[in-house]
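Participant: My file is protein-v9.csv. It has CSV, C-alpha atoms:
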chain,number,residue,atom,x,y,z
A,1,MET,CA,309.7,28.4,338.3
A,2,THR,CA,310.3,25.6,336.0
A,3,PRO,CA,313.3,23.6,334.6
A,4,THR,CA,315.3,25.3,331.9
A,5,PRO,CA,315.9,23.6,328.6
A,6,ALA,CA,318.2,20.7,328.7
A,7,ARG,CA,321.9,21.4,328.4
A,8,ARG,CA,324.6,19.4,326.8
A,9,PRO,CA,325.1,16.1,328.8
A,10,VAL,CA,328.0,16.2,331.1
A,11,GLY,CA,329.2,13.5,333.5
A,12,ARG,CA,330.4,10.0,333.7
A,13,PRO,CA,328.4,7.1,332.1
A,14,ARG,CA,326.3,5.2,334.5
A,15,GLY,CA,327.2,1.6,335.3
A,16,ASP,CA,324.0,0.2,333.7
A,17,GLY,CA,325.0,1.7,330.4
A,18,ARG,CA,322.3,4.4,330.4
A,19,PRO,CA,323.2,7.8,328.9
A,20,HIS,CA,325.4,10.3,330.7
A,21,LEU,CA,324.0,12.0,333.8
A,22,THR,CA,322.9,15.5,332.9
A,23,ARG,CA,322.9,18.6,335.1
A,24,ASP,CA,319.1,18.9,334.7
A,25,GLU,CA,318.5,15.4,335.9
A,26,ALA,CA,320.8,15.9,338.8
A,27,LEU,CA,319.2,19.2,339.8
A,28,LEU,CA,315.6,18.0,339.6
A,29,ALA,CA,316.4,14.8,341.6
A,30,ALA,CA,318.2,17.0,344.2
A,31,ALA,CA,315.3,19.3,344.4
A,32,ARG,CA,312.8,16.6,345.2
A,33,LEU,CA,315.0,14.9,347.8
A,34,ILE,CA,316.0,18.2,349.5
A,35,SER,CA,312.3,19.2,349.6
A,36,ALA,CA,311.4,15.9,351.2
A,37,GLU,CA,314.4,15.4,353.5
A,38,GLY,CA,315.8,18.8,354.1
A,39,TYR,CA,319.2,20.0,353.0
A,40,THR,CA,321.0,18.2,355.8
A,41,GLY,CA,319.0,15.0,355.3
A,42,ALA,CA,319.5,14.7,351.5
A,43,SER,CA,323.0,13.5,351.0
A,44,ILE,CA,324.9,13.3,347.7
A,45,ARG,CA,324.8,9.5,348.1
A,46,MET,CA,321.0,9.6,348.3
A,47,ILE,CA,320.7,11.9,345.3
A,48,ALA,CA,323.0,9.7,343.3
A,49,GLN,CA,321.0,6.6,344.3
A,50,ALA,CA,317.8,8.2,343.2
A,51,LEU,CA,319.4,8.8,339.8
A,52,GLY,CA,320.9,5.3,339.5
A,53,ALA,CA,324.3,6.9,339.4
A,54,ALA,CA,327.5,6.8,341.5
A,55,PRO,CA,328.2,9.7,343.9
A,56,ALA,CA,331.4,10.3,341.8
A,57,SER,CA,329.1,11.2,338.8
A,58,LEU,CA,327.5,14.0,340.9
A,59,PHE,CA,330.9,15.2,342.1
A,60,ASN,CA,332.0,15.4,338.5
A,61,LEU,CA,329.1,17.9,338.0
A,62,PHE,CA,329.2,19.8,341.3
A,63,PRO,CA,332.3,20.2,343.5
A,64,ASN,CA,330.2,19.8,346.7
A,65,LYS,CA,326.6,19.9,348.0
A,66,ASP,CA,326.7,23.6,348.7
A,67,ALA,CA,327.6,24.3,345.1
A,68,LEU,CA,324.8,22.0,344.0
A,69,LEU,CA,322.2,23.9,346.1
A,70,ASN,CA,323.5,27.3,344.8
A,71,GLU,CA,323.1,26.1,341.2
A,72,LEU,CA,319.7,24.6,342.0
A,73,VAL,CA,318.2,27.9,343.3
A,74,VAL,CA,319.7,29.8,340.3
A,75,TYR,CA,318.3,27.1,338.0
A,76,LEU,CA,314.8,27.3,339.4
A,77,ALA,CA,314.7,31.1,339.4
A,78,ALA,CA,316.0,31.5,335.8
A,79,PRO,CA,312.8,30.9,333.9
A,80,SER,CA,310.9,33.4,336.1
A,81,LEU,CA,313.6,36.0,335.7
A,82,ASP,CA,313.5,35.5,331.9
A,83,PHE,CA,309.7,35.9,332.0
A,84,TYR,CA,310.1,39.1,334.1
A,85,ALA,CA,312.5,40.6,331.5
A,86,ARG,CA,310.2,39.8,328.6
A,87,LEU,CA,307.2,41.2,330.5
A,88,ALA,CA,309.1,44.4,331.3
A,89,ALA,CA,309.8,44.9,327.6
A,90,LEU,CA,306.1,45.3,327.0
A,91,ALA,CA,305.9,48.4,329.2
A,92,LEU,CA,302.5,47.5,330.6
A,93,PRO,CA,300.9,49.4,333.4
A,94,PRO,CA,302.4,48.2,336.6
A,95,GLU,CA,299.2,46.8,338.1
A,96,VAL,CA,298.6,44.8,334.9
A,97,ALA,CA,302.2,43.4,334.9
A,98,LEU,CA,301.8,42.6,338.6
A,99,PHE,CA,298.6,40.6,338.0
A,100,LYS,CA,300.2,38.8,335.1
A,101,SER,CA,303.3,38.0,337.1
A,102,LEU,CA,301.3,36.6,340.0
A,103,PHE,CA,298.9,34.6,337.8
A,104,GLU,CA,301.7,33.0,335.7
A,105,GLU,CA,303.9,32.1,338.6
A,106,ALA,CA,301.1,30.6,340.7
A,107,ALA,CA,299.7,28.6,337.7
A,108,LEU,CA,303.1,27.2,337.0
A,109,VAL,CA,303.8,26.1,340.5
A,110,ALA,CA,300.4,24.4,340.7
A,111,SER,CA,300.9,22.7,337.3
A,112,VAL,CA,304.5,21.5,337.5
A,113,ASP,CA,305.8,20.4,340.9
A,114,ARG,CA,304.5,21.8,344.1
A,115,THR,CA,307.5,20.8,346.1
A,116,LEU,CA,310.0,23.0,344.3
A,117,PRO,CA,309.1,26.3,346.0
A,118,ALA,CA,310.2,24.8,349.3
A,119,ILE,CA,313.8,25.0,348.1
A,120,PHE,CA,313.7,28.9,348.3
A,121,TYR,CA,312.8,28.7,352.0
A,122,LEU,CA,315.5,26.4,353.3
A,123,PRO,CA,317.0,27.8,356.5
A,124,GLU,CA,320.5,26.9,355.3
A,125,LEU,CA,320.2,29.5,352.5
A,126,GLN,CA,320.8,32.3,355.1
A,127,LYS,CA,324.5,31.1,355.4
A,128,PRO,CA,327.3,33.1,353.7
A,129,GLN,CA,328.2,30.3,351.3
A,130,PHE,CA,324.9,30.5,349.5
A,131,GLY,CA,325.4,34.0,348.1
A,132,PRO,CA,324.5,33.0,344.5
A,133,ALA,CA,321.2,31.5,345.7
A,134,GLN,CA,320.5,34.6,347.8
A,135,GLN,CA,321.1,36.8,344.9
A,136,ALA,CA,318.7,34.8,342.7
A,137,ARG,CA,315.9,35.0,345.2
A,138,ALA,CA,316.6,38.7,345.7
A,139,ALA,CA,316.2,39.2,342.0
A,140,LEU,CA,312.7,37.6,342.1
A,141,VAL,CA,311.6,39.9,345.0
A,142,ALA,CA,313.1,42.9,343.2
A,143,HIS,CA,310.8,42.3,340.2
A,144,TYR,CA,307.7,42.7,342.5
A,145,ARG,CA,309.2,45.6,344.3
A,146,ARG,CA,309.8,47.5,341.0
A,147,LEU,CA,306.2,46.9,339.9
A,148,ILE,CA,304.8,48.0,343.3
A,149,GLU,CA,306.9,51.1,343.4
A,150,ALA,CA,305.9,52.0,339.8
A,151,GLY,CA,302.3,51.5,340.8
A,152,LEU,CA,302.6,53.7,343.8
A,153,ALA,CA,304.2,56.4,341.7
A,154,SER,CA,301.4,56.3,339.2
A,155,GLY,CA,298.7,56.2,341.8
A,156,ALA,CA,297.4,52.8,340.7
A,157,LEU,CA,298.5,51.0,343.8
A,158,GLN,CA,298.7,51.6,347.5
A,159,CYS,CA,300.6,50.0,350.3
A,160,ASP,CA,302.4,51.0,353.5
A,161,LEU,CA,305.7,49.0,353.1
A,162,PRO,CA,306.6,48.3,349.5
A,163,ASP,CA,309.5,46.0,350.5
A,164,LEU,CA,307.3,43.9,352.6
A,165,ALA,CA,304.6,43.8,349.9
A,166,ALA,CA,307.1,42.6,347.4
A,167,GLU,CA,308.2,39.7,349.6
A,168,GLN,CA,304.6,38.8,350.2
A,169,MET,CA,303.8,38.9,346.5
A,170,LEU,CA,306.6,36.4,345.8
A,171,GLN,CA,305.5,34.1,348.6
A,172,MET,CA,301.9,34.2,347.5
A,173,SER,CA,302.9,33.2,343.9
A,174,GLU,CA,305.0,30.4,345.2
A,175,THR,CA,302.9,29.0,348.1
A,176,SER,CA,299.2,30.0,347.7
A,177,VAL,CA,298.6,26.9,345.5
A,178,LEU,CA,300.2,24.4,347.9
A,179,ALA,CA,296.9,23.7,349.7
A,180,THR,CA,295.1,20.5,348.5
A,181,LEU,CA,292.1,22.0,346.7
A,182,PRO,CA,289.8,20.6,344.0
A,183,ALA,CA,290.2,23.8,341.9
A,184,SER,CA,292.3,23.7,338.8
A,185,PRO,CA,295.8,25.4,338.7
A,186,GLN,CA,294.3,28.2,336.5
A,187,ALA,CA,291.5,28.8,339.0
A,188,GLN,CA,293.9,28.9,341.9
A,189,ALA,CA,296.2,31.2,340.1
A,190,ARG,CA,293.4,33.6,339.2
A,191,ALA,CA,292.1,33.6,342.7
A,192,SER,CA,295.6,34.4,344.1
A,193,ALA,CA,296.2,37.2,341.7
A,194,ARG,CA,292.8,38.8,342.3
A,195,PHE,CA,293.3,38.5,346.1
A,196,ALA,CA,296.6,40.3,345.9
A,197,LEU,CA,295.5,43.1,343.5
A,198,ARG,CA,292.2,43.7,345.4
A,199,ALA,CA,294.4,44.6,348.4
A,200,LEU,CA,296.9,46.7,346.5
A,201,LEU,CA,294.8,48.6,344.0
A,202,ALA,CA,294.0,52.2,345.0
A,203,ASP,CA,290.7,51.7,343.3
A,204,PRO,CA,289.6,48.1,343.8
A,205,ALA,CA,286.7,48.6,341.4
A,206,ARG,CA,289.3,48.4,338.6
A,207,LEU,CA,290.2,44.8,339.4
A,208,ASP,CA,288.1,43.3,336.6
A,209,ALA,CA,289.6,45.7,334.1
A,210,VAL,CA,293.1,45.0,335.2
A,211,GLU,CA,292.5,41.2,335.0
A,212,ALA,CA,291.0,41.6,331.5
A,213,GLN,CA,294.0,43.6,330.3
A,214,SER,CA,296.4,41.0,331.8
A,215,SER,CA,294.5,38.2,330.0
A,216,GLN,CA,295.3,39.8,326.7
A,217,VAL,CA,299.1,39.6,327.3
A,218,ASP,CA,300.3,36.6,325.2
A,219,LEU,CA,303.3,35.7,327.4
A,220,THR,CA,304.0,32.7,329.7
A,221,ILE,CA,306.8,31.4,331.7
A,222,LEU,CA,308.7,28.9,329.5
So that I can check it, write out the structure of this file as C-alpha coordinates.

Facilitator:
Amino acid sequence: MTPTPARRPVGRPRGDGRPHLTRDEALLAAARLISAEGYTGASIRMIAQALGAAPASLFNLFPNKDALLNELVVYLAAPSLDFYARLAALALPPEVALFKSLFEEAALVASVDRTLPAIFYLPELQKPQFGPAQQARAALVAHYRRLIEAGLASGALQCDLPDLAAEQMLQMSETSVLATLPASPQAQARASARFALRALLADPARLDAVEAQSSQVDLTIL
(Lines of atoms letter the chains of each structure in order from A and count residues from 1; the text may use other names and numbers.)
(Lines give C-alpha, C1' and ligand atoms only; values in the text may rest on other atoms or scores of the structure.)
Protein backbone atom coordinates (compact mmCIF):
# COMPACT_ATOMS: atom_id res chain seq x y z
CA MET A 1 0.00 0.00 0.00
CA THR A 2 1.34 3.32 -1.02
CA PRO A 3 0.03 6.70 -2.15
CA THR A 4 -1.28 6.95 -5.68
CA PRO A 5 0.14 9.56 -8.09
CA ALA A 6 -0.84 13.12 -7.31
CA ARG A 7 -4.16 14.28 -8.73
CA ARG A 8 -5.16 17.71 -9.96
CA PRO A 9 -5.21 20.10 -6.98
CA VAL A 10 -8.70 20.74 -5.67
CA GLY A 11 -9.67 22.92 -2.72
CA ARG A 12 -9.54 26.41 -1.37
CA PRO A 13 -6.28 28.38 -1.15
CA ARG A 14 -4.73 28.34 2.29
CA GLY A 15 -4.58 31.52 4.30
CA ASP A 16 -0.79 31.72 4.19
CA GLY A 17 -0.77 31.80 0.41
CA ARG A 18 0.53 28.26 -0.05
CA PRO A 19 -0.85 26.22 -2.99
CA HIS A 20 -4.29 24.67 -2.91
CA LEU A 21 -4.78 21.74 -0.58
CA THR A 22 -4.79 18.50 -2.56
CA ARG A 23 -6.67 15.29 -1.86
CA ASP A 24 -3.38 13.40 -1.54
CA GLU A 25 -2.10 15.78 1.13
CA ALA A 26 -5.37 15.60 3.02
CA LEU A 27 -5.58 11.81 2.87
CA LEU A 28 -2.02 11.23 4.04
CA ALA A 29 -2.38 13.70 6.91
CA ALA A 30 -5.65 12.03 7.89
CA ALA A 31 -4.00 8.60 7.77
CA ARG A 32 -1.25 9.62 10.17
CA LEU A 33 -3.59 11.30 12.62
CA ILE A 34 -6.19 8.53 12.56
CA SER A 35 -3.45 5.94 13.10
CA ALA A 36 -2.18 7.89 16.10
CA GLU A 37 -5.44 9.10 17.63
CA GLY A 38 -8.04 6.64 16.38
CA TYR A 39 -10.96 7.51 14.16
CA THR A 40 -12.96 9.19 16.91
CA GLY A 41 -9.97 11.07 18.29
CA ALA A 42 -8.82 12.54 14.97
CA SER A 43 -11.20 15.38 14.19
CA ILE A 44 -11.48 17.27 10.92
CA ARG A 45 -10.19 20.30 12.80
CA MET A 46 -7.07 18.40 13.89
CA ILE A 47 -6.42 17.15 10.37
CA ALA A 48 -6.85 20.66 8.97
CA GLN A 49 -4.50 22.06 11.62
CA ALA A 50 -1.83 19.50 10.69
CA LEU A 51 -2.14 20.67 7.10
CA GLY A 52 -2.07 24.37 7.95
CA ALA A 53 -5.52 24.68 6.40
CA ALA A 54 -9.01 25.68 7.50
CA PRO A 55 -11.57 22.93 8.23
CA ALA A 56 -13.65 24.38 5.40
CA SER A 57 -10.88 23.35 2.98
CA LEU A 58 -11.31 19.72 4.00
CA PHE A 59 -15.09 19.91 3.79
CA ASN A 60 -14.63 21.25 0.27
CA LEU A 61 -12.88 17.95 -0.57
CA PHE A 62 -14.90 15.52 1.56
CA PRO A 63 -18.52 16.02 2.66
CA ASN A 64 -17.84 14.49 6.08
CA LYS A 65 -15.31 12.44 8.03
CA ASP A 66 -16.95 9.12 7.11
CA ALA A 67 -16.52 9.96 3.42
CA LEU A 68 -12.89 10.85 4.08
CA LEU A 69 -12.21 7.48 5.74
CA ASN A 70 -13.94 5.57 2.95
CA GLU A 71 -11.82 7.36 0.37
CA LEU A 72 -8.68 6.89 2.46
CA VAL A 73 -9.04 3.10 2.59
CA VAL A 74 -9.78 2.93 -1.15
CA TYR A 75 -6.79 5.22 -1.79
CA LEU A 76 -4.42 3.06 0.25
CA ALA A 77 -5.65 -0.17 -1.34
CA ALA A 78 -5.51 1.06 -4.97
CA PRO A 79 -1.76 0.56 -5.66
CA SER A 80 -1.90 -3.00 -4.30
CA LEU A 81 -4.96 -3.85 -6.37
CA ASP A 82 -3.24 -2.47 -9.46
CA PHE A 83 -0.18 -4.59 -8.68
CA TYR A 84 -2.35 -7.69 -8.25
CA ALA A 85 -3.93 -7.11 -11.66
CA ARG A 86 -0.54 -6.74 -13.34
CA LEU A 87 0.72 -9.82 -11.54
CA ALA A 88 -2.30 -11.85 -12.64
CA ALA A 89 -1.64 -10.93 -16.25
CA LEU A 90 1.69 -12.81 -16.07
CA ALA A 91 -0.09 -16.14 -15.43
CA LEU A 92 2.55 -17.29 -12.95
CA PRO A 93 2.22 -20.48 -10.91
CA PRO A 94 0.05 -19.55 -7.93
CA GLU A 95 2.73 -20.32 -5.36
CA VAL A 96 5.17 -17.99 -7.16
CA ALA A 97 2.58 -15.21 -7.42
CA LEU A 98 1.79 -15.68 -3.73
CA PHE A 99 5.45 -15.37 -2.73
CA LYS A 100 5.82 -12.28 -4.91
CA SER A 101 2.67 -10.70 -3.46
CA LEU A 102 3.74 -11.23 0.13
CA PHE A 103 7.27 -10.03 -0.51
CA GLU A 104 6.32 -6.83 -2.34
CA GLU A 105 3.57 -5.89 0.11
CA ALA A 106 5.72 -6.46 3.18
CA ALA A 107 8.70 -4.63 1.69
CA LEU A 108 6.53 -1.66 0.81
CA VAL A 109 4.94 -1.38 4.24
CA ALA A 110 8.37 -1.54 5.88
CA SER A 111 9.82 1.07 3.54
CA VAL A 112 7.11 3.71 3.32
CA ASP A 113 5.08 4.28 6.49
CA ARG A 114 4.48 1.60 9.06
CA THR A 115 1.45 3.35 10.53
CA LEU A 116 -0.71 3.07 7.42
CA PRO A 117 -1.78 -0.60 7.77
CA ALA A 118 -3.51 0.32 11.04
CA ILE A 119 -6.16 2.12 9.00
CA PHE A 120 -7.46 -1.22 7.68
CA TYR A 121 -8.11 -2.50 11.21
CA LEU A 122 -10.12 0.38 12.66
CA PRO A 123 -13.14 -1.02 14.54
CA GLU A 124 -15.34 1.69 13.00
CA LEU A 125 -14.89 0.12 9.57
CA GLN A 126 -17.36 -2.60 10.56
CA LYS A 127 -20.19 -0.06 10.47
CA PRO A 128 -22.59 0.05 7.49
CA GLN A 129 -21.54 3.52 6.30
CA PHE A 130 -18.08 2.22 5.43
CA GLY A 131 -19.17 -0.06 2.58
CA PRO A 132 -16.61 1.29 0.06
CA ALA A 133 -13.79 0.73 2.55
CA GLN A 134 -15.03 -2.78 3.32
CA GLN A 135 -15.18 -3.60 -0.39
CA ALA A 136 -11.62 -2.35 -0.93
CA ARG A 137 -10.24 -4.51 1.85
CA ALA A 138 -12.29 -7.49 0.69
CA ALA A 139 -10.70 -7.12 -2.74
CA LEU A 140 -7.24 -7.35 -1.14
CA VAL A 141 -8.19 -10.55 0.68
CA ALA A 142 -9.80 -11.96 -2.48
CA HIS A 143 -6.46 -11.76 -4.30
CA TYR A 144 -4.84 -14.06 -1.76
CA ARG A 145 -7.84 -16.37 -1.71
CA ARG A 146 -7.69 -16.78 -5.52
CA LEU A 147 -4.01 -17.67 -5.37
CA ILE A 148 -4.47 -20.12 -2.52
CA GLU A 149 -7.44 -21.79 -4.22
CA ALA A 150 -5.46 -22.06 -7.49
CA GLY A 151 -2.54 -23.55 -5.58
CA LEU A 152 -4.81 -26.08 -3.91
CA ALA A 153 -6.28 -27.05 -7.28
CA SER A 154 -2.83 -27.55 -8.78
CA GLY A 155 -1.54 -29.47 -5.79
CA ALA A 156 1.22 -26.94 -5.10
CA LEU A 157 -0.33 -25.66 -1.88
CA GLN A 158 -2.13 -27.17 1.08
CA CYS A 159 -4.27 -25.63 3.83
CA ASP A 160 -7.41 -26.49 5.78
CA LEU A 161 -9.36 -23.22 5.47
CA PRO A 162 -8.55 -21.16 2.36
CA ASP A 163 -10.65 -18.19 3.51
CA LEU A 164 -8.80 -18.01 6.80
CA ALA A 165 -5.44 -18.47 5.10
CA ALA A 166 -6.21 -15.59 2.71
CA GLU A 167 -6.99 -13.27 5.61
CA GLN A 168 -3.83 -14.38 7.39
CA MET A 169 -1.71 -13.75 4.29
CA LEU A 170 -2.98 -10.18 4.00
CA GLN A 171 -2.43 -9.53 7.68
CA MET A 172 1.07 -10.96 7.49
CA SER A 173 1.98 -8.74 4.56
CA GLU A 174 0.67 -5.68 6.40
CA THR A 175 1.81 -6.28 9.95
CA SER A 176 4.75 -8.71 10.08
CA VAL A 177 7.19 -5.84 9.56
CA LEU A 178 5.79 -3.61 12.32
CA ALA A 179 8.16 -4.97 14.94
CA THR A 180 11.23 -2.84 15.62
CA LEU A 181 13.99 -4.94 14.11
CA PRO A 182 17.50 -4.16 12.84
CA ALA A 183 16.83 -6.11 9.63
CA SER A 184 16.25 -4.20 6.40
CA PRO A 185 12.78 -3.98 4.85
CA GLN A 186 13.90 -6.39 2.13
CA ALA A 187 15.16 -8.91 4.68
CA GLN A 188 11.95 -8.67 6.70
CA ALA A 189 9.82 -9.08 3.56
CA ARG A 190 11.81 -12.11 2.45
CA ALA A 191 11.52 -13.73 5.87
CA SER A 192 7.77 -13.11 5.94
CA ALA A 193 7.21 -14.58 2.47
CA ARG A 194 9.37 -17.62 3.23
CA PHE A 195 7.57 -18.20 6.53
CA ALA A 196 4.17 -18.15 4.83
CA LEU A 197 5.12 -20.32 1.85
CA ARG A 198 6.92 -22.85 4.00
CA ALA A 199 3.63 -23.43 5.79
CA LEU A 200 1.49 -23.56 2.64
CA LEU A 201 3.61 -25.49 0.15
CA ALA A 202 2.60 -29.10 -0.25
CA ASP A 203 6.32 -29.79 -0.74
CA PRO A 204 8.27 -27.34 1.47
CA ALA A 205 11.50 -28.50 -0.19
CA ARG A 206 10.41 -26.39 -3.20
CA LEU A 207 10.64 -23.15 -1.22
CA ASP A 208 14.02 -22.06 -2.59
CA ALA A 209 12.91 -22.74 -6.16
CA VAL A 210 9.67 -20.78 -5.65
CA GLU A 211 11.59 -17.84 -4.21
CA ALA A 212 14.09 -17.95 -7.07
CA GLN A 213 11.31 -17.88 -9.66
CA SER A 214 9.59 -15.03 -7.81
CA SER A 215 12.81 -12.98 -7.78
CA GLN A 216 12.86 -13.10 -11.59
CA VAL A 217 9.49 -11.31 -11.83
CA ASP A 218 10.27 -7.70 -12.72
CA LEU A 219 7.23 -6.14 -11.09
CA THR A 220 6.78 -3.89 -8.06
CA ILE A 221 3.98 -2.00 -6.38
CA LEU A 222 4.08 1.55 -7.71

Participant: For Asn70 of chain A, which residue among A:Leu33, A:Leu27, A:Ala50, A:Ala89 is the nearest when counting only C-alpha atoms?

Facilitator: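 When distances to Asn70 of chain A are compared using only C-alpha atoms, the smallest one comes from A:Leu27.
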
Participant: Kindly indicate which residue among A:Ala139, A:Ile221, A:Val112, A:Met172 lies nearest to Ala193 of chain A, using all atoms listed in the file for the distances.

Facilitator: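 Of the candidates, the smallest distance to Ala193 of chain A is held by A:Met172.
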
Participant: Residues within 12 Å of Leu68 of chain A, please, as a ChimeraX atom specification. Count all atoms listed in the file; anything in the same chain fewer than 3 positions from it doesn't count.

Facilitator: /A:23-24,26-31,34,39,42-44,47,58-65,71-75,129-130,132-133

Participant: Any idea what's packed within 10 Å of Gln213 of chain A, counting only C-alpha atoms, ignoring anything in its chain fewer than 4 positions away? Could you give it as an MDAnalysis selection string?

Facilitator: chainID A and resid 92:93 95:97 99:100 207:209 217

Participant: Which neighbours of Gln134 of chain A fall inside 12 Å, counting all atoms listed in the file, when residues of the same chain fewer than 6 positions from it are skipped, and could you give them as a list in words?

Facilitator: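 Close residues of Gln134 of chain A: Leu69, Asn70, Glu71, Leu72, Val73, Val74, Ala77, Ile119, Phe120, Tyr121, Leu122, Pro123, Glu124, Leu125, Gln126, Lys127, Pro128, Leu140 and Val141 of chain A.
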
Participant: Could you write out that same residue set with C-alpha atoms as a PDB file, keeping the file's coordinate frame?

Facilitator:
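Saved the output as again.pdb:
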ATOM      1  CA  LEU A  69     322.200  23.900 346.100  1.00  0.00           C
ATOM      2  CA  ASN A  70     323.500  27.300 344.800  1.00  0.00           C
ATOM      3  CA  GLU A  71     323.100  26.100 341.200  1.00  0.00           C
ATOM      4  CA  LEU A  72     319.700  24.600 342.000  1.00  0.00           C
ATOM      5  CA  VAL A  73     318.200  27.900 343.300  1.00  0.00           C
ATOM      6  CA  VAL A  74     319.700  29.800 340.300  1.00  0.00           C
ATOM      7  CA  ALA A  77     314.700  31.100 339.400  1.00  0.00           C
ATOM      8  CA  ILE A 119     313.800  25.000 348.100  1.00  0.00           C
ATOM      9  CA  PHE A 120     313.700  28.900 348.300  1.00  0.00           C
ATOM     10  CA  TYR A 121     312.800  28.700 352.000  1.00  0.00           C
ATOM     11  CA  LEU A 122     315.500  26.400 353.300  1.00  0.00           C
ATOM     12  CA  PRO A 123     317.000  27.800 356.500  1.00  0.00           C
ATOM     13  CA  GLU A 124     320.500  26.900 355.300  1.00  0.00           C
ATOM     14  CA  LEU A 125     320.200  29.500 352.500  1.00  0.00           C
ATOM     15  CA  GLN A 126     320.800  32.300 355.100  1.00  0.00           C
ATOM     16  CA  LYS A 127     324.500  31.100 355.400  1.00  0.00           C
ATOM     17  CA  PRO A 128     327.300  33.100 353.700  1.00  0.00           C
ATOM     18  CA  LEU A 140     312.700  37.600 342.100  1.00  0.00           C
ATOM     19  CA  VAL A 141     311.600  39.900 345.000  1.00  0.00           C
TER      20      VAL A 141
END

Participant: Give me, please, the distance in Å between atom CA of Ala153 of chain A and atom CA of Ala166 of chain A, quoted to one decimal.

Facilitator: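 One can read the atom CA of Ala153 of chain A to atom CA of Ala166 of chain A distance as 15.2 Å.
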
Participant: Give me, please, the distance in Å between atom CA of Ala54 of chain A and atom CA of Ala118 of chain A, quoted to one decimal.

Facilitator: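 That distance, rounded to one decimal, is 26.2 Å.
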
Participant: Please rebuild segment 77-90 of chain A with N, CA and C atoms and give the result as a PDB file, in the coordinates of the input.

Facilitator:
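Ended up saving to selection-v5.pdb:
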ATOM      1  N   ALA A  77     315.154  29.665 339.536  1.00  0.00           N
ATOM      2  CA  ALA A  77     314.700  31.100 339.400  1.00  0.00           C
ATOM      3  C   ALA A  77     314.858  31.560 337.951  1.00  0.00           C
ATOM      4  N   ALA A  78     315.723  30.942 337.140  1.00  0.00           N
ATOM      5  CA  ALA A  78     316.000  31.500 335.800  1.00  0.00           C
ATOM      6  C   ALA A  78     314.827  31.651 334.896  1.00  0.00           C
ATOM      7  N   PRO A  79     313.919  30.678 334.773  1.00  0.00           N
ATOM      8  CA  PRO A  79     312.800  30.900 333.900  1.00  0.00           C
ATOM      9  C   PRO A  79     311.896  32.068 334.296  1.00  0.00           C
ATOM     10  N   SER A  80     311.725  32.248 335.618  1.00  0.00           N
ATOM     11  CA  SER A  80     310.900  33.400 336.100  1.00  0.00           C
ATOM     12  C   SER A  80     311.611  34.700 335.769  1.00  0.00           C
ATOM     13  N   LEU A  81     312.902  34.767 335.977  1.00  0.00           N
ATOM     14  CA  LEU A  81     313.600  36.000 335.700  1.00  0.00           C
ATOM     15  C   LEU A  81     313.587  36.326 334.199  1.00  0.00           C
ATOM     16  N   ASP A  82     313.652  35.301 333.367  1.00  0.00           N
ATOM     17  CA  ASP A  82     313.500  35.500 331.900  1.00  0.00           C
ATOM     18  C   ASP A  82     312.134  36.047 331.579  1.00  0.00           C
ATOM     19  N   PHE A  83     311.119  35.472 332.209  1.00  0.00           N
ATOM     20  CA  PHE A  83     309.700  35.900 332.000  1.00  0.00           C
ATOM     21  C   PHE A  83     309.585  37.390 332.430  1.00  0.00           C
ATOM     22  N   TYR A  84     310.156  37.748 333.580  1.00  0.00           N
ATOM     23  CA  TYR A  84     310.100  39.100 334.100  1.00  0.00           C
ATOM     24  C   TYR A  84     310.688  40.088 333.054  1.00  0.00           C
ATOM     25  N   ALA A  85     311.818  39.698 332.478  1.00  0.00           N
ATOM     26  CA  ALA A  85     312.500  40.600 331.500  1.00  0.00           C
ATOM     27  C   ALA A  85     311.619  40.759 330.268  1.00  0.00           C
ATOM     28  N   ARG A  86     311.021  39.686 329.795  1.00  0.00           N
ATOM     29  CA  ARG A  86     310.200  39.800 328.600  1.00  0.00           C
ATOM     30  C   ARG A  86     308.896  40.593 328.925  1.00  0.00           C
ATOM     31  N   LEU A  87     308.396  40.458 330.139  1.00  0.00           N
ATOM     32  CA  LEU A  87     307.200  41.200 330.500  1.00  0.00           C
ATOM     33  C   LEU A  87     307.556  42.703 330.633  1.00  0.00           C
ATOM     34  N   ALA A  88     308.718  43.021 331.180  1.00  0.00           N
ATOM     35  CA  ALA A  88     309.100  44.400 331.300  1.00  0.00           C
ATOM     36  C   ALA A  88     309.243  45.098 329.954  1.00  0.00           C
ATOM     37  N   ALA A  89     309.658  44.333 328.954  1.00  0.00           N
ATOM     38  CA  ALA A  89     309.800  44.900 327.600  1.00  0.00           C
ATOM     39  C   ALA A  89     308.517  45.358 327.003  1.00  0.00           C
ATOM     40  N   LEU A  90     307.390  44.888 327.536  1.00  0.00           N
ATOM     41  CA  LEU A  90     306.100  45.300 327.000  1.00  0.00           C
ATOM     42  C   LEU A  90     305.596  46.609 327.529  1.00  0.00           C
TER      43      LEU A  90
END
